[in-house]
Amino acid sequence: MAVKYTCRHCQTLIGEIDQGGVSEYQLGFHFLTPEERRDIISYNPNGDVSVKVVCDYCKEALEANPELSLLGSPLQ
């Protein structure tokens with residue numbers, strides 16, 4: 001099972017944990033509400049887990065231009 005962290009805005013691969021035996025508890029997923037889990041985490045048929053986060057570049061761009069958050073895909 002691999003856990004892949006991808007930016008939700010620009011789709012850049014931020015990081016990957018390719019280690020078996022890593023639990024959701026160790027990754028901190030247990031802190032998320034059910035709604036947050038549905039929005040952030042997706043489980044792929046091959047057993048991999050995709051986690052949507054925001055990269056530093058997109059975070060800075062959204063902080064400098066908050067109106068971009070109104071667009072569906074603000075930073076491509």
# chains A, B, ... in the order shown; residues from 1 in each chain; ligands from 1
>>> select_by_dssp(residues="chain A", states="strand (DSSP E or B)", output="number ranges by chain")
A: 3-7, 13-17, 41-43, 49-53
>>> write_last_selection(atoms="N, CA and C atoms", output="PDB file, in the first residue's frame")
ATOM      1  N   VAL A   3       0.870   5.524   0.008  1.00  0.00           N
ATOM      2  CA  VAL A   3       0.072   6.701   0.330  1.00  0.00           C
ATOM      3  C   VAL A   3       0.684   7.856  -0.451  1.00  0.00           C
ATOM      4  N   LYS A   4      -0.099   8.434  -1.365  1.00  0.00           N
ATOM      5  CA  LYS A   4       0.397   9.498  -2.226  1.00  0.00           C
ATOM      6  C   LYS A   4      -0.286  10.813  -1.856  1.00  0.00           C
ATOM      7  N   TYR A   5       0.528  11.817  -1.574  1.00  0.00           N
ATOM      8  CA  TYR A   5       0.035  13.151  -1.241  1.00  0.00           C
ATOM      9  C   TYR A   5       0.144  14.027  -2.482  1.00  0.00           C
ATOM     10  N   THR A   6      -1.000  14.564  -2.933  1.00  0.00           N
ATOM     11  CA  THR A   6      -1.071  15.364  -4.143  1.00  0.00           C
ATOM     12  C   THR A   6      -1.760  16.689  -3.841  1.00  0.00           C
ATOM     13  N   CYS A   7      -1.290  17.762  -4.481  1.00  0.00           N
ATOM     14  CA  CYS A   7      -1.928  19.068  -4.295  1.00  0.00           C
ATOM     15  C   CYS A   7      -3.302  19.053  -4.954  1.00  0.00           C
ATOM     16  N   LEU A  13       2.588  16.064  -7.332  1.00  0.00           N
ATOM     17  CA  LEU A  13       2.864  15.037  -6.331  1.00  0.00           C
ATOM     18  C   LEU A  13       3.788  15.640  -5.278  1.00  0.00           C
ATOM     19  N   ILE A  14       3.316  15.702  -4.055  1.00  0.00           N
ATOM     20  CA  ILE A  14       4.075  16.327  -2.971  1.00  0.00           C
ATOM     21  C   ILE A  14       4.953  15.303  -2.265  1.00  0.00           C
ATOM     22  N   GLY A  15       4.443  14.112  -2.104  1.00  0.00           N
ATOM     23  CA  GLY A  15       5.217  13.081  -1.432  1.00  0.00           C
ATOM     24  C   GLY A  15       4.508  11.749  -1.502  1.00  0.00           C
ATOM     25  N   GLU A  16       5.259  10.716  -1.153  1.00  0.00           N
ATOM     26  CA  GLU A  16       4.703   9.367  -1.209  1.00  0.00           C
ATOM     27  C   GLU A  16       5.335   8.519  -0.116  1.00  0.00           C
ATOM     28  N   ILE A  17       4.483   7.759   0.551  1.00  0.00           N
ATOM     29  CA  ILE A  17       4.952   6.788   1.532  1.00  0.00           C
ATOM     30  C   ILE A  17       4.682   5.425   0.921  1.00  0.00           C
ATOM     31  N   ILE A  41      -9.348  12.086   1.412  1.00  0.00           N
ATOM     32  CA  ILE A  41      -8.762  10.759   1.199  1.00  0.00           C
ATOM     33  C   ILE A  41      -9.584   9.972   0.185  1.00  0.00           C
ATOM     34  N   SER A  42      -8.881   9.340  -0.756  1.00  0.00           N
ATOM     35  CA  SER A  42      -9.558   8.404  -1.662  1.00  0.00           C
ATOM     36  C   SER A  42      -8.743   7.118  -1.718  1.00  0.00           C
ATOM     37  N   TYR A  43      -9.455   6.028  -1.837  1.00  0.00           N
ATOM     38  CA  TYR A  43      -8.839   4.704  -1.858  1.00  0.00           C
ATOM     39  C   TYR A  43      -8.916   4.158  -3.277  1.00  0.00           C
ATOM     40  N   VAL A  49      -3.563   4.716  -1.442  1.00  0.00           N
ATOM     41  CA  VAL A  49      -4.384   5.770  -0.851  1.00  0.00           C
ATOM     42  C   VAL A  49      -3.900   7.100  -1.405  1.00  0.00           C
ATOM     43  N   SER A  50      -4.843   7.930  -1.880  1.00  0.00           N
ATOM     44  CA  SER A  50      -4.510   9.268  -2.367  1.00  0.00           C
ATOM     45  C   SER A  50      -5.016  10.286  -1.357  1.00  0.00           C
ATOM     46  N   VAL A  51      -4.141  11.212  -0.985  1.00  0.00           N
ATOM     47  CA  VAL A  51      -4.490  12.233  -0.007  1.00  0.00           C
ATOM     48  C   VAL A  51      -4.331  13.596  -0.684  1.00  0.00           C
ATOM     49  N   LYS A  52      -5.414  14.373  -0.700  1.00  0.00           N
ATOM     50  CA  LYS A  52      -5.383  15.694  -1.313  1.00  0.00           C
ATOM     51  C   LYS A  52      -5.031  16.741  -0.260  1.00  0.00           C
ATOM     52  N   VAL A  53      -3.934  17.448  -0.496  1.00  0.00           N
ATOM     53  CA  VAL A  53      -3.492  18.524   0.383  1.00  0.00           C
ATOM     54  C   VAL A  53      -3.208  19.746  -0.483  1.00  0.00           C
TER      55      VAL A  53
END
>>> residues_around(residues="stretch 60-71 of chain A", least_positions_apart="5", cutoff="10 Å", atoms="only C-alpha atoms", output="list in words")
His9, Val54 and Cys55 of chain A
>>> select_by_dssp(residues="chain A", states="alpha helix (DSSP H)", output="number ranges by chain")
A: 24-27, 34-40, 56-64
